[in-house]
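Let me begin by presenting the structure, written as structure tokens, before commenting on it.
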Amino acid sequence: MPPRPESAGASVVGRDLPRHAPVVVVGGGQAGLAVGYHLRRAGLVPQEEVVILDDAAAPGGAWPHMWDSLRLFSPAEHSSLPGWRMPSTRDGFPRAEHVVDYLTRYEERYGLAVRRPVRVTAVHRGAPGAPRFRLQTTDGPWTAEAVVSTTGTWRRPFWPRYPGQETFRGVQIHAADYREPSALAGQHVVVVGGGNSAAQLLAEVSTVASTTWVTPRPPRFLPDEVDGRALFEIATRRAVALARGEDDDGGVGGLGDVVVVPSVREARGRGVLEARPLPSEITPEGLRWPDGQEQRADVILWCTGFRPDLGHLAPLRLARRDGVPLTTGSAVVGEPGLHLLGYGDWTGPASATLVGVGRPAKDAAQAVVEHLRSGVLDPGRR
């Protein structure tokens, strides 16, 4: 096969990657980099044995798409991927742009072979005697003995459906499309959602617009002194306790839903954190509650979360529970060599966070290496 030029923005130049790799990692965000790091430490050379395919044009995963004022819940030194501590910032809690720079330098530091922009459109089982997986991508087909999917959730924002929603004459946007508040100045904005994104965006938007906050249940604020460090420790203790068969104390969910970052604390002081229950319907002019009360609105800002971006795995028809594939840790049940990482606690405690993905990534990498060393690299032994 003649050499193929690297795709624009690829991290590896000067040579073409093989069309077969023992391991293909789908996604080059924080989870993909973490598992790539641990696979390299396990003795697999990224340029030859581990290929990371990322559909973005540049490094950083979802972080370049976050709203401008977003800050992490923890100081930089407690928001790091394995192997290299995130450089500290002057103001304590890093902004998204600081995370993007860190992830970019992390790729370079460990020589992770991220090929981009390449989107994996489908993963199929290989034919008998052939590599276990066959991948269709925008850069042509690949085969692999193991696949680690780390595509995250950002590309699948969740939009609830309410009676009358299609009649609303104002603007509806999702948090995934929000960048900064100036476009909403002087309007009445309804913020929907009871989590951290809703609270942070409400705090910001309320400085330039009148607001109404609606939540599925009364918002629960964590104690002011609790930040991401404590949340990670609590989530880890819960995972260990559950593994030992101990009672579930609810973990982080038992404390509350919203971290009181400085902007949320300031909004609390202005009295804008009072929430109303969800309306019974959306009208052309705004919202209506069961008791007949109405609220005019110009904008509805949906802070209603995301769903796992797993469309590329549809051809495998994986067994599911509660809408997601069955897994033990990161390993997909009934599909040797396939791992899911970084989608939420169901793929490892706190695995959707920077600091939390390290341990599940290490476990996934170890399982992948054991899978490869069990003889699957030799088709005659399968």
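Chains: A, B, ... in order of the structure tokens. Residues: from 1 per chain. Ligands: from 1, in order shown.
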**OP:** Enumerate as JSON, numbers by chain all residues of segment 115-363 of chain A assigned to strand (DSSP E) by DSSP on the backbone, naming them with the chain letters and numbers the document uses.
**Re:** {"A": [115, 120, 121, 122, 123, 124, 125, 133, 134, 135, 136, 137, 142, 143, 144, 146, 147, 148, 149, 171, 172, 173, 174, 188, 189, 190, 191, 192, 210, 211, 212, 213, 214, 215, 275, 276, 277, 281, 282, 286, 287, 288, 294, 295, 296, 299, 300, 301, 302, 320, 321, 324, 325, 327, 328, 331, 332, 338, 339, 340]}
Original post:
Counting only C-alpha atoms, what is within 9 Å of Glu166 of chain A, bar same-chain residues fewer than 6 positions away, as a list in words?
Top reply: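 These residues fall inside the cut-off: Ile282, Thr283 and Pro284 of chain A.
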**OP:** May I have the residues within 7 Å of segment 196-198 of chain A as a ChimeraX atom specification, using only C-alpha atoms and disregarding those fewer than 4 positions away in the same chain?
**Re:** /A:191-192,202,257-259,303
Do you know which residues are at most 10 Å from segment 286-297 of chain A counting only C-alpha atoms, after dropping those on the same chain fewer than 4 positions away, and could you put them as a compact mmCIF listing (two decimals) with N, CA and C atoms, in the first residue's frame?
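Output contents, as saved in result12.txt:
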```txt
# COMPACT_ATOMS: atom_id res chain seq x y z
N GLY A 164 -46.99 21.24 23.84
CA GLY A 164 -46.99 22.61 23.35
C GLY A 164 -45.62 23.15 22.99
N GLN A 165 -44.59 22.37 23.16
CA GLN A 165 -43.23 22.88 22.94
C GLN A 165 -43.05 23.43 21.52
N THR A 167 -45.07 24.98 19.77
CA THR A 167 -45.79 26.22 19.52
C THR A 167 -45.05 27.45 20.04
N PHE A 168 -44.01 27.25 20.82
CA PHE A 168 -43.30 28.37 21.46
C PHE A 168 -42.72 29.30 20.39
N ARG A 169 -43.00 30.58 20.50
CA ARG A 169 -42.58 31.55 19.49
C ARG A 169 -41.18 32.11 19.76
N GLY A 170 -40.66 31.84 20.94
CA GLY A 170 -39.34 32.35 21.26
C GLY A 170 -38.24 31.43 20.75
N VAL A 171 -37.07 31.56 21.37
CA VAL A 171 -35.88 30.79 20.98
C VAL A 171 -35.65 29.68 21.99
N GLN A 187 -33.63 40.07 27.87
CA GLN A 187 -34.74 39.17 27.61
C GLN A 187 -35.13 38.42 28.89
N HIS A 188 -36.25 37.68 28.80
CA HIS A 188 -36.58 36.81 29.92
C HIS A 188 -36.22 35.39 29.51
N VAL A 189 -35.34 34.77 30.30
CA VAL A 189 -34.79 33.46 29.98
C VAL A 189 -35.26 32.44 31.01
N VAL A 190 -35.84 31.35 30.54
CA VAL A 190 -36.19 30.24 31.40
C VAL A 190 -35.08 29.21 31.32
N SER A 210 -33.57 38.91 32.89
CA SER A 210 -34.44 38.36 33.94
C SER A 210 -34.58 36.87 33.69
N THR A 211 -34.74 36.11 34.76
CA THR A 211 -34.71 34.65 34.63
C THR A 211 -35.78 33.97 35.46
N THR A 212 -36.14 32.77 35.03
CA THR A 212 -36.94 31.83 35.80
C THR A 212 -36.22 30.51 35.75
N ARG A 276 -38.67 26.94 40.48
CA ARG A 276 -40.07 26.54 40.40
C ARG A 276 -40.13 25.12 39.83
N PRO A 277 -41.21 24.38 40.09
CA PRO A 277 -41.35 23.04 39.51
C PRO A 277 -41.54 23.13 38.00
N LEU A 278 -41.38 22.00 37.34
CA LEU A 278 -41.56 21.96 35.90
C LEU A 278 -42.99 22.36 35.52
N PRO A 279 -43.16 23.06 34.41
CA PRO A 279 -44.51 23.44 34.00
C PRO A 279 -45.27 22.25 33.44
N SER A 280 -46.56 22.42 33.31
CA SER A 280 -47.37 21.36 32.70
C SER A 280 -47.36 21.45 31.19
N GLU A 281 -47.11 22.64 30.66
CA GLU A 281 -47.05 22.79 29.21
C GLU A 281 -46.29 24.05 28.84
N ILE A 282 -45.87 24.07 27.59
CA ILE A 282 -45.23 25.25 27.01
C ILE A 282 -46.24 25.90 26.08
```
Original post:
Pick from A:Thr153, A:Gln366, A:Thr207, A:Ser80: nearest to Arg40 of chain A, with only C-alpha atoms counted?
Top reply: A:Gln366
**OP:** Find the residues near Arg19 of chain A: any atom within 8 Å, counting only C-alpha atoms, skip ones fewer than 2 places away on the same chain, and give them as a ChimeraX atom specification.
**Re:** /A:17,21,141-143
I need the residues from that last selection saved to file as a PDB file, in the first residue's frame (with C-alpha atoms), if you can.
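Below is the file that was written, selection-v9.pdb:
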```
ATOM      1  CA  LEU A  17      -0.411   4.406  10.224  1.00  0.00           C
ATOM      2  CA  ALA A  21      -3.907  -2.069  14.630  1.00  0.00           C
ATOM      3  CA  PRO A 141     -11.635   0.821   6.893  1.00  0.00           C
ATOM      4  CA  TRP A 142      -9.608  -0.410   9.836  1.00  0.00           C
ATOM      5  CA  THR A 143      -9.420  -3.717  11.653  1.00  0.00           C
TER       6      THR A 143
END
```
Original post:
Which residues in segment 79-292 of chain A does DSSP call helix (DSSP H, G or I)? List them as JSON, numbers by chain.
Top reply: {"A": [96, 97, 98, 99, 100, 101, 102, 103, 104, 105, 106, 107, 108, 109, 165, 166, 167, 175, 176, 177, 181, 182, 183, 184, 196, 197, 198, 199, 200, 201, 202, 203, 204, 205, 228, 229, 230, 231, 232, 233, 234, 235, 236, 237, 238, 239, 240, 241, 242, 243, 251, 252, 253, 254, 262, 263, 264, 265, 266, 267, 268, 269, 270]}
**OP:** Can you pull out every residue within 8 Å of Thr151 of chain A, counting only C-alpha atoms, but drop anything in the same chain fewer than 5 positions away, and send it as a list of chain:residue names?
**Re:** A:Val26, A:Gly27, A:Gly28, A:Gly29, A:Pro308, A:Asp309, A:Leu310, A:Gly342, A:Tyr343
Residues just named, written with N, CA and C atoms as an mmCIF file, in the first residue's frame:
```
data_model
loop_
_atom_site.group_PDB
_atom_site.id
_atom_site.type_symbol
_atom_site.label_atom_id
_atom_site.label_comp_id
_atom_site.auth_asym_id
_atom_site.auth_seq_id
_atom_site.Cartn_x
_atom_site.Cartn_y
_atom_site.Cartn_z
ATOM 1 N N VAL A 26 -11.440 4.792 19.952
ATOM 2 C CA VAL A 26 -12.352 5.671 19.223
ATOM 3 C C VAL A 26 -12.639 6.892 20.081
ATOM 4 N N GLY A 27 -12.017 8.000 19.747
ATOM 5 C CA GLY A 27 -12.183 9.224 20.520
ATOM 6 C C GLY A 27 -10.871 9.682 21.115
ATOM 7 N N GLY A 28 -10.519 10.943 20.903
ATOM 8 C CA GLY A 28 -9.248 11.462 21.386
ATOM 9 C C GLY A 28 -9.385 12.522 22.457
ATOM 10 N N GLY A 29 -10.485 12.483 23.219
ATOM 11 C CA GLY A 29 -10.637 13.389 24.350
ATOM 12 C C GLY A 29 -9.928 12.846 25.576
ATOM 13 N N PRO A 308 -25.033 9.055 25.952
ATOM 14 C CA PRO A 308 -23.814 8.482 25.374
ATOM 15 C C PRO A 308 -23.870 8.449 23.842
ATOM 16 N N ASP A 309 -22.777 8.851 23.226
ATOM 17 C CA ASP A 309 -22.664 8.873 21.770
ATOM 18 C C ASP A 309 -22.120 7.520 21.309
ATOM 19 N N LEU A 310 -23.024 6.576 21.084
ATOM 20 C CA LEU A 310 -22.630 5.200 20.793
ATOM 21 C C LEU A 310 -23.221 4.679 19.490
ATOM 22 N N GLY A 342 -15.488 6.433 30.033
ATOM 23 C CA GLY A 342 -15.689 7.863 30.140
ATOM 24 C C GLY A 342 -17.113 8.339 29.967
ATOM 25 N N TYR A 343 -18.085 7.439 29.919
ATOM 26 C CA TYR A 343 -19.465 7.844 29.682
ATOM 27 C C TYR A 343 -20.235 8.129 30.966
#
```
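For the pair atom CA of Leu184 of chain A and atom CA of Glu97 of chain A, the separation is 22.8 Å.
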**OP:** Could you tell me how far atom CA of Ala31 of chain A lies from atom CA of Leu341 of chain A, in Å and to one decimal?
**Re:**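 Spanning atom CA of Ala31 of chain A to atom CA of Leu341 of chain A is a straight-line distance of 6.4 Å.
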